[in-house]
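Novice: Here you go, this is start_14.json (JSON, C-alpha atoms and all ligand atoms).
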```json
[["chain", "number", "residue", "atom", "x", "y", "z"],
["A", 13, "MET", "CA", -5.68, 14.55, -0.80],
["A", 14, "GLU", "CA", -9.23, 14.61, -2.09],
["A", 15, "ILE", "CA", -11.46, 13.62, 0.83],
["A", 16, "HIS", "CA", -14.91, 12.14, 0.28],
["A", 17, "TYR", "CA", -17.04, 11.82, 3.39],
["A", 18, "CYS", "CA", -19.32, 8.79, 3.03],
["A", 19, "SER", "CA", -22.33, 7.94, 5.19],
["A", 20, "ASP", "CA", -21.20, 4.40, 6.00],
["A", 21, "TYR", "CA", -18.90, 1.51, 5.02],
["A", 22, "GLU", "CA", -21.12, 0.45, 2.11],
["A", 23, "LYS", "CA", -21.20, 3.95, 0.61],
["A", 24, "MET", "CA", -17.44, 4.33, 1.11],
["A", 25, "THR", "CA", -16.85, 1.02, -0.66],
["A", 26, "GLN", "CA", -19.21, 1.89, -3.51],
["A", 27, "MET", "CA", -17.54, 5.25, -4.16],
["A", 28, "ALA", "CA", -14.07, 3.74, -4.20],
["A", 29, "PHE", "CA", -15.34, 0.96, -6.47],
["A", 30, "GLU", "CA", -16.79, 3.46, -8.97],
["A", 31, "ARG", "CA", -13.50, 5.36, -9.09],
["A", 32, "LEU", "CA", -11.49, 2.18, -9.60],
["A", 33, "ILE", "CA", -13.78, 0.78, -12.29],
["A", 34, "SER", "CA", -13.68, 4.04, -14.20],
["A", 35, "GLU", "CA", -9.83, 3.99, -14.06],
["A", 36, "LEU", "CA", -9.82, 0.41, -15.37],
["A", 37, "ARG", "CA", -12.24, 1.24, -18.16],
["A", 38, "ASP", "CA", -9.98, 4.12, -19.24],
["A", 39, "ASN", "CA", -6.95, 1.84, -19.22],
["A", 40, "PRO", "CA", -7.22, -1.86, -18.36],
["A", 41, "GLU", "CA", -3.44, -2.33, -18.44],
["A", 42, "GLN", "CA", -2.65, -1.30, -14.87],
["A", 43, "LEU", "CA", -0.34, -2.39, -12.07],
["A", 44, "LEU", "CA", -2.57, -2.51, -9.02],
["A", 45, "CYS", "CA", -1.26, -2.76, -5.46],
["A", 46, "PRO", "CA", -4.00, -3.77, -3.01],
["A", 47, "SER", "CA", -3.50, -3.84, 0.75],
["A", 48, "LYS", "CA", -4.98, -6.52, 2.97],
["A", 49, "GLY", "CA", -7.42, -5.84, 5.80],
["A", 50, "THR", "CA", -11.06, -5.14, 6.53],
["A", 51, "SER", "CA", -11.13, -1.54, 5.23],
["A", 52, "THR", "CA", -10.52, -2.63, 1.65],
["A", 53, "LEU", "CA", -12.28, -5.99, 1.70],
["A", 54, "GLY", "CA", -15.71, -4.64, 0.68],
["A", 55, "LEU", "CA", -14.11, -3.06, -2.39],
["A", 56, "TYR", "CA", -12.51, -6.36, -3.40],
["A", 57, "LYS", "CA", -15.83, -8.16, -3.03],
["A", 58, "LYS", "CA", -17.45, -5.62, -5.35],
["A", 59, "MET", "CA", -14.65, -6.08, -7.89],
["A", 60, "ALA", "CA", -15.10, -9.85, -7.73],
["A", 61, "ALA", "CA", -18.86, -9.54, -8.30],
["A", 62, "HIS", "CA", -18.27, -7.10, -11.14],
["A", 63, "TYR", "CA", -16.05, -9.60, -12.97],
["A", 64, "GLN", "CA", -19.22, -11.46, -13.97],
["A", 65, "LYS", "CA", -20.47, -8.36, -15.82],
["A", 66, "GLU", "CA", -17.31, -6.86, -17.32],
["A", 67, "ALA", "CA", -14.45, -9.37, -17.27],
["A", 68, "ALA", "CA", -12.56, -7.55, -20.05],
["A", 69, "ILE", "CA", -11.45, -4.68, -17.79],
["A", 70, "PHE", "CA", -9.60, -7.16, -15.53],
["A", 71, "GLU", "CA", -7.93, -9.21, -18.24],
["A", 72, "ARG", "CA", -4.79, -7.06, -18.49],
["A", 73, "LEU", "CA", -4.55, -6.19, -14.82],
["A", 74, "THR", "CA", -1.37, -7.09, -12.90],
["A", 75, "ILE", "CA", -1.46, -7.29, -9.12],
["A", 76, "ILE", "CA", 1.46, -6.67, -6.78],
["A", 77, "LYS", "CA", 1.35, -7.46, -3.08],
["A", 78, "LEU", "CA", 1.92, -4.54, -0.70],
["A", 79, "ASP", "CA", 3.05, -6.49, 2.32],
["A", 80, "GLU", "CA", 3.22, -9.90, 3.94],
["A", 81, "TRP", "CA", 3.59, -11.41, 7.37],
["A", 82, "GLY", "CA", 7.06, -12.96, 7.64],
["A", 83, "GLY", "CA", 7.78, -16.47, 8.87],
["A", 84, "ILE", "CA", 4.31, -17.93, 8.35],
["A", 85, "PRO", "CA", 3.24, -20.31, 5.54],
["A", 86, "GLY", "CA", 2.06, -18.40, 2.47],
["A", 87, "CYS", "CA", -0.68, -20.93, 1.85],
["A", 88, "GLY", "CA", -1.97, -20.70, 5.45],
["A", 89, "PRO", "CA", -5.31, -19.11, 6.29],
["A", 90, "ASN", "CA", -3.86, -15.87, 7.69],
["A", 91, "SER", "CA", -1.31, -14.82, 5.09],
["A", 92, "SER", "CA", -1.77, -11.78, 2.85],
["A", 93, "GLU", "CA", -1.25, -14.28, 0.04],
["A", 94, "THR", "CA", -4.37, -16.25, 0.98],
["A", 95, "HIS", "CA", -6.35, -13.04, 1.53],
["A", 96, "LEU", "CA", -5.47, -11.73, -1.94],
["A", 97, "LYS", "CA", -5.93, -15.13, -3.55],
["A", 98, "THR", "CA", -9.40, -15.59, -2.04],
["A", 99, "TYR", "CA", -10.74, -12.11, -2.68],
["A", 100, "LEU", "CA", -8.93, -10.91, -5.82],
["A", 101, "LEU", "CA", -6.62, -13.31, -7.64],
["A", 102, "ASP", "CA", -9.05, -16.22, -8.01],
["A", 103, "PRO", "CA", -12.26, -14.22, -8.62],
["A", 104, "LEU", "CA", -10.54, -11.94, -11.17],
["A", 105, "LYS", "CA", -8.67, -14.86, -12.76],
["A", 106, "ILE", "CA", -5.28, -13.20, -12.38],
["A", 107, "THR", "CA", -2.76, -15.52, -13.99],
["A", 108, "GLU", "CA", 0.67, -16.27, -12.48],
["A", 109, "GLU", "CA", 2.51, -13.91, -14.85],
["A", 110, "ARG", "CA", 0.19, -11.10, -13.75],
["A", 111, "TYR", "CA", 0.93, -11.49, -10.05],
["A", 112, "ILE", "CA", 4.03, -10.23, -8.19],
["A", 113, "SER", "CA", 4.41, -11.14, -4.57],
["A", 114, "PHE", "CA", 6.62, -11.31, -1.47],
["A", 115, "ASP", "CA", 7.24, -14.90, -0.36],
["A", 116, "SER", "CA", 6.10, -15.12, 3.29],
["A", 117, "SER", "CA", 8.90, -17.43, 4.42],
["A", 118, "PRO", "CA", 11.96, -16.75, 2.31],
["A", 119, "VAL", "CA", 15.32, -18.29, 3.16],
["A", 120, "ASP", "CA", 16.81, -14.81, 3.07],
["A", 121, "ALA", "CA", 14.30, -12.04, 3.80],
["A", 122, "LYS", "CA", 16.67, -9.25, 2.78],
["A", 123, "LYS", "CA", 17.23, -10.89, -0.63],
["A", 124, "GLU", "CA", 13.47, -11.27, -1.00],
["A", 125, "CYS", "CA", 13.06, -7.50, -0.47],
["A", 126, "ASP", "CA", 15.80, -6.80, -3.04],
["A", 127, "ARG", "CA", 14.05, -9.12, -5.50],
["A", 128, "MET", "CA", 10.78, -7.22, -5.02],
["A", 129, "ASP", "CA", 12.57, -3.89, -5.49],
["A", 130, "ASN", "CA", 13.92, -5.21, -8.81],
["A", 131, "GLU", "CA", 10.44, -6.33, -9.87],
["A", 132, "ILE", "CA", 9.09, -2.85, -9.09],
["A", 133, "GLN", "CA", 11.99, -1.29, -10.97],
["A", 134, "GLU", "CA", 11.21, -3.40, -14.04],
["A", 135, "ARG", "CA", 7.43, -3.47, -13.98],
["A", 136, "GLY", "CA", 6.52, -0.36, -11.97],
["A", 137, "PRO", "CA", 5.68, 2.21, -11.00],
["A", 138, "ILE", "CA", 2.40, 1.12, -9.44],
["A", 139, "ASP", "CA", -0.53, 2.66, -11.27],
["A", 140, "ILE", "CA", -3.07, 2.44, -8.48],
["A", 141, "CYS", "CA", -2.34, 1.64, -4.85],
["A", 142, "ILE", "CA", -5.31, 0.72, -2.67],
["A", 143, "LEU", "CA", -4.59, 1.40, 0.97],
["A", 144, "GLY", "CA", -6.16, 1.01, 4.36],
["A", 145, "MET", "CA", -4.52, 2.54, 7.42],
["A", 146, "GLY", "CA", -3.60, 0.75, 10.63],
["A", 147, "LYS", "CA", -4.93, 1.98, 13.99],
["A", 148, "ASN", "CA", -1.54, 3.52, 14.64],
["A", 149, "GLY", "CA", -1.38, 5.21, 11.23],
["A", 150, "HIS", "CA", 0.77, 2.62, 9.48],
["A", 151, "LEU", "CA", 0.65, 1.93, 5.75],
["A", 152, "GLY", "CA", 1.57, -1.63, 4.80],
["A", 153, "PHE", "CA", 4.09, -2.40, 7.53],
["A", 154, "ASN", "CA", 5.58, 1.07, 7.54],
["A", 155, "GLU", "CA", 5.12, 1.52, 11.26],
["A", 156, "PRO", "CA", 5.33, 4.81, 13.19],
["A", 157, "ALA", "CA", 8.99, 5.50, 14.03],
["A", 158, "ASN", "CA", 11.46, 8.36, 14.08],
["A", 159, "HIS", "CA", 12.42, 7.53, 10.52],
["A", 160, "LEU", "CA", 10.73, 5.72, 7.64],
["A", 161, "ILE", "CA", 12.32, 3.49, 4.99],
["A", 162, "PRO", "CA", 11.92, 4.20, 1.26],
["A", 163, "ASN", "CA", 12.14, 0.76, -0.38],
["A", 164, "CYS", "CA", 11.03, -2.83, 0.26],
["A", 165, "HIS", "CA", 12.27, -3.90, 3.66],
["A", 166, "ILE", "CA", 11.96, -6.20, 6.65],
["A", 167, "ALA", "CA", 9.76, -4.53, 9.24],
["A", 168, "GLU", "CA", 9.63, -4.98, 12.96],
["A", 169, "LEU", "CA", 5.95, -5.47, 13.71],
["A", 170, "SER", "CA", 4.39, -3.04, 16.17],
["A", 171, "PRO", "CA", 2.18, -4.31, 19.03],
["A", 172, "THR", "CA", -0.75, -2.75, 17.09],
["A", 173, "SER", "CA", -0.03, -4.91, 14.05],
["A", 174, "LEU", "CA", 0.44, -7.99, 16.18],
["A", 175, "MET", "CA", -2.91, -7.33, 17.85],
["A", 176, "SER", "CA", -4.79, -6.77, 14.57],
["A", 177, "SER", "CA", -7.61, -9.23, 13.92],
["A", 178, "MET", "CA", -5.59, -10.96, 11.18],
["A", 179, "ALA", "CA", -2.53, -11.54, 13.39],
["A", 180, "GLU", "CA", -4.50, -12.34, 16.52],
["A", 181, "SER", "CA", -6.10, -15.38, 14.96],
["A", 182, "MET", "CA", -2.74, -16.88, 13.94],
["A", 183, "PRO", "CA", -1.65, -19.91, 15.96],
["A", 184, "ASP", "CA", 2.02, -19.06, 15.29],
["A", 185, "LYS", "CA", 2.75, -15.37, 15.34],
["A", 186, "PRO", "CA", 4.68, -13.82, 12.46],
["A", 187, "SER", "CA", 8.19, -12.83, 13.46],
["A", 188, "TYR", "CA", 8.52, -9.84, 11.11],
["A", 189, "GLY", "CA", 6.82, -8.10, 8.21],
["A", 190, "LEU", "CA", 7.87, -7.76, 4.57],
["A", 191, "THR", "CA", 6.66, -4.51, 3.07],
["A", 192, "MET", "CA", 7.00, -1.99, 0.31],
["A", 193, "GLY", "CA", 8.55, 1.20, 1.64],
["A", 194, "MET", "CA", 7.12, 4.69, 1.71],
["A", 195, "ALA", "CA", 8.86, 5.88, -1.47],
["A", 196, "THR", "CA", 7.47, 2.93, -3.45],
["A", 197, "ILE", "CA", 3.97, 3.68, -2.17],
["A", 198, "LEU", "CA", 4.33, 7.40, -2.88],
["A", 199, "GLN", "CA", 5.60, 6.72, -6.41],
["A", 200, "SER", "CA", 2.21, 5.16, -7.24],
["A", 201, "LYS", "CA", 0.49, 7.24, -9.90],
["A", 202, "LYS", "CA", -2.80, 7.23, -7.98],
["A", 203, "ILE", "CA", -3.73, 6.18, -4.48],
["A", 204, "ILE", "CA", -7.12, 5.17, -3.14],
["A", 205, "LEU", "CA", -7.27, 5.35, 0.66],
["A", 206, "LEU", "CA", -10.12, 3.81, 2.62],
["A", 207, "LEU", "CA", -10.59, 4.99, 6.19],
["A", 208, "THR", "CA", -13.05, 3.27, 8.47],
["A", 209, "GLY", "CA", -13.26, 1.97, 12.02],
["A", 210, "GLU", "CA", -14.43, 3.43, 15.34],
["A", 211, "ASP", "CA", -11.08, 2.42, 16.80],
["A", 212, "LYS", "CA", -9.24, 4.65, 14.29],
["A", 213, "LYS", "CA", -11.10, 7.88, 15.15],
["A", 214, "HIS", "CA", -8.18, 9.40, 17.01],
["A", 215, "THR", "CA", -5.66, 8.59, 14.26],
["A", 216, "ILE", "CA", -8.00, 9.78, 11.49],
["A", 217, "LYS", "CA", -8.43, 13.08, 13.34],
["A", 218, "LYS", "CA", -4.65, 13.50, 13.51],
["A", 219, "LEU", "CA", -4.33, 12.64, 9.80],
["A", 220, "LEU", "CA", -6.88, 15.30, 8.91],
["A", 221, "ASN", "CA", -4.70, 17.91, 10.69],
["A", 222, "LYS", "CA", -2.36, 17.70, 7.68],
["A", 223, "GLU", "CA", 0.79, 17.58, 9.80],
["A", 224, "ILE", "CA", 3.36, 15.32, 8.19],
["A", 225, "THR", "CA", 5.25, 13.17, 10.65],
["A", 226, "SER", "CA", 7.02, 9.80, 10.59],
["A", 227, "PHE", "CA", 5.04, 8.94, 13.72],
["A", 228, "LEU", "CA", 1.95, 8.86, 11.49],
["A", 229, "PRO", "CA", 3.16, 7.27, 8.21],
["A", 230, "ALA", "CA", -0.21, 7.87, 6.50],
["A", 231, "SER", "CA", 0.37, 11.63, 6.89],
["A", 232, "PHE", "CA", 2.97, 11.38, 4.08],
["A", 233, "LEU", "CA", 0.06, 10.89, 1.70],
["A", 234, "TRP", "CA", -0.48, 14.66, 1.95],
["A", 235, "LEU", "CA", 2.63, 14.99, -0.23],
["A", 236, "HIS", "CA", 1.07, 13.01, -3.08],
["A", 237, "PRO", "CA", -0.89, 14.86, -5.80],
["A", 238, "GLN", "CA", -3.54, 12.19, -6.46],
["A", 239, "VAL", "CA", -4.86, 10.55, -3.33],
["A", 240, "TYR", "CA", -8.59, 9.81, -3.29],
["A", 241, "CYS", "CA", -9.59, 9.26, 0.30],
["A", 242, "TYR", "CA", -12.98, 7.69, 1.08],
["A", 243, "LEU", "CA", -13.86, 8.20, 4.69],
["A", 244, "ASP", "CA", -16.63, 6.40, 6.51],
["A", 245, "LYS", "CA", -18.26, 9.23, 8.52],
["A", 246, "SER", "CA", -18.93, 6.92, 11.45],
["A", 247, "SER", "CA", -15.15, 6.99, 11.99],
["A", 248, "VAL", "CA", -14.88, 10.77, 12.54],
["B", 1, "LIG", "O1", -1.90, -4.28, 9.12],
["B", 1, "LIG", "C1", -2.44, -3.69, 8.22],
["B", 1, "LIG", "O2", -3.54, -2.93, 8.49],
["B", 1, "LIG", "C2", -4.05, -1.97, 7.58],
["B", 1, "LIG", "C3", -5.49, -1.72, 7.94],
["B", 1, "LIG", "O3", -6.15, -2.92, 8.23],
["B", 1, "LIG", "P1", -7.70, -2.94, 8.56],
["B", 1, "LIG", "O4", -8.04, -4.38, 8.79],
["B", 1, "LIG", "O5", -7.90, -2.10, 9.77],
["B", 1, "LIG", "O6", -8.39, -2.39, 7.38],
["B", 1, "LIG", "C4", -3.81, -2.50, 6.20],
["B", 1, "LIG", "O7", -4.26, -1.61, 5.25],
["B", 1, "LIG", "C5", -2.33, -2.76, 5.98],
["B", 1, "LIG", "O8", -2.04, -3.19, 4.68],
["B", 1, "LIG", "C6", -1.89, -3.81, 6.86],
["B", 1, "LIG", "O9", -0.51, -3.97, 6.85]]
```
Written as structure tokens, how would this file's structure read?
Specialist:
Amino acid sequence: MEIHYCSDYEKMTQMAFERLISELRDNPEQLLCPSKGTSTLGLYKKMAAHYQKEAAIFERLTIIKLDEWGGIPGCGPNSSETHLKTYLLDPLKITEERYISFDSSPVDAKKECDRMDNEIQERGPIDICILGMGKNGHLGFNEPANHLIPNCHIAELSPTSLMSSMAESMPDKPSYGLTMGMATILQSKKIILLLTGEDKKHTIKKLLNKEITSFLPASFLWLHPQVYCYLDKSSV
């Protein structure tokens, strides 16, 4: 993991943005997997603003959703779908055929995960995965546990996830999560990890110890050869 210590959130976002833009200029035909959340939001806003200057680098981009809250309406204000649509899909004019996504309220959640695995099989691997990390060290909805799951799966949401700002504002709580598994994430060719938040200090410190454990899913990123981690210094 290549760690870049940044003075604040803005600097962290700018550095990640420059890396991503340079990757897209080198090859605009990429499968990008962006996570939801506040850590990555600044980066998405910069990408949206940049579309006005250099639309061509986004015209062959395909986006795949990392995770989704299960059992809530996809078009509702708190879904990952709405988050991605507002901050990436609409501003970057990503057409339907260039978007792959978990349905938030499928009739059969297991079948929905199998469908996503097939999509990844056919159209993957992910070129660039953009990750934040939960307060408890989760990636997507791969929550700390004594074992982790490789492929797309139904996740039991941890109290930390259910207390996140996104979930807290939901009138009806999600009953489960739909997420890519750890193997799918780790098969990404490149990973950009954004770490920020006073409330994550303790977990970030543990991550920097380089001890790989299923109780800190983000620690598995130490096994990947190309992780670019941008760390907001106010979080260490
Ligand atoms: O629940 C989640 O949280 C992390 C981090 O969210 P943030 O708001 O603290 O940045 C997010 O990256 C992950 O995709 C999501 O499942």
Novice: Contacts between ligand LIG 1 (chain B) and chain A, please, where a residue of chain A counts if it comes within 10 Å (with all atoms listed in the file); show its shortest atom pair and distance in Å to one decimal, rows by chain and ascending number, as a tab-separated table.
Specialist:
```
residue	atom	partner	partner_atom	distance
A:Pro46	CA	B:LIG1	O8	8.0
A:Ser47	CA	B:LIG1	O8	4.2
A:Lys48	CA	B:LIG1	O8	4.8
A:Gly49	CA	B:LIG1	O4	3.4
A:Thr50	CA	B:LIG1	O4	3.8
A:Ser51	CA	B:LIG1	O6	3.6
A:Thr52	CA	B:LIG1	O6	6.1
A:Leu53	CA	B:LIG1	O6	7.8
A:Lys77	CA	B:LIG1	O8	9.5
A:Leu78	CA	B:LIG1	O8	6.8
A:Asp79	CA	B:LIG1	O9	6.3
A:Glu80	CA	B:LIG1	O9	7.6
A:Trp81	CA	B:LIG1	O9	8.5
A:Ser92	CA	B:LIG1	O8	8.8
A:Ile142	CA	B:LIG1	O7	8.3
A:Leu143	CA	B:LIG1	O7	5.2
A:Gly144	CA	B:LIG1	O7	3.4
A:Met145	CA	B:LIG1	C3	4.4
A:Gly146	CA	B:LIG1	C2	4.1
A:Lys147	CA	B:LIG1	O5	6.6
A:Asn148	CA	B:LIG1	O2	9.1
A:Gly149	CA	B:LIG1	C2	8.5
A:His150	CA	B:LIG1	C2	6.9
A:Leu151	CA	B:LIG1	C5	5.6
A:Gly152	CA	B:LIG1	O9	3.7
A:Phe153	CA	B:LIG1	O9	4.9
A:Asn154	CA	B:LIG1	O9	7.9
A:Glu155	CA	B:LIG1	O9	9.0
A:Leu169	CA	B:LIG1	O1	9.2
A:Ser170	CA	B:LIG1	O1	9.5
A:Thr172	CA	B:LIG1	O1	8.2
A:Ser173	CA	B:LIG1	O1	5.3
A:Leu174	CA	B:LIG1	O1	8.3
A:Met175	CA	B:LIG1	O1	9.3
A:Ser176	CA	B:LIG1	O1	6.7
A:Ser177	CA	B:LIG1	O4	7.1
A:Met178	CA	B:LIG1	O4	7.4
A:Ala179	CA	B:LIG1	O1	8.4
A:Gly189	CA	B:LIG1	O9	8.5
A:Leu190	CA	B:LIG1	O9	9.5
A:Thr191	CA	B:LIG1	O9	8.1
A:Leu205	CA	B:LIG1	O7	8.9
A:Leu206	CA	B:LIG1	O6	8.0
A:Leu207	CA	B:LIG1	O6	7.8
A:Thr208	CA	B:LIG1	O6	7.4
A:Gly209	CA	B:LIG1	O5	7.1
A:Asp211	CA	B:LIG1	O5	8.9
A:Lys212	CA	B:LIG1	O5	8.2
```
Novice: From the set A:Met182, A:Leu100, A:Cys141, A:Cys164, which residue has the shortest atom-to-atom contact distance to Leu233 in chain A, counting all atoms listed in the file?
Specialist: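 Smallest distance to Leu233 in chain A is found for A:Cys141.
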Novice: Neighbours of Glu93 in chain A within 9 Å (all atoms listed in the file; same-chain residues fewer than 5 positions away dropped), as a list in words?
Specialist: Lys77, Glu80, Gly86, Cys87, Gly88, Thr98, Ser113, Phe114, Asp115 and Ser116 of chain A
Novice: Give me the residues near Pro118 in chain A as number ranges by chain, where near means some atom within 10 Å (using all atoms listed in the file) and where sequence neighbours in that chain fewer than 6 positions away do not count.
Specialist: A: 82-85, 124-125
Novice: Between A:Ile76, A:Ile132, A:Ile15, A:Ala60, single out the one closest to Leu104 in chain A, counting all atoms listed in the file.
Specialist: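 Once distances to Leu104 in chain A are computed over all atoms listed in the file, the minimum belongs to A:Ala60.
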Novice: What's around Thr225 in chain A at 12 Å? Count all atoms listed in the file, leave out sequence neighbours fewer than 6 positions away in its own chain, and write the answer as number ranges by chain.
Specialist: A: 149-150, 155-160, 218-219, 231-235
Novice: Between CA of Gln64 in chain A and CA of Pro103 in chain A, what is the distance, to one decimal in Å?
Specialist: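 Distance reported for this atom pair: 9.2 Å.
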Novice: With only C-alpha atoms as the atoms that count, which of A:Tyr56, A:Leu198, A:Glu41, A:Glu210 lies nearest to His95 in chain A?
Specialist: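 Using only C-alpha atoms, the shortest distance to His95 in chain A belongs to A:Tyr56.
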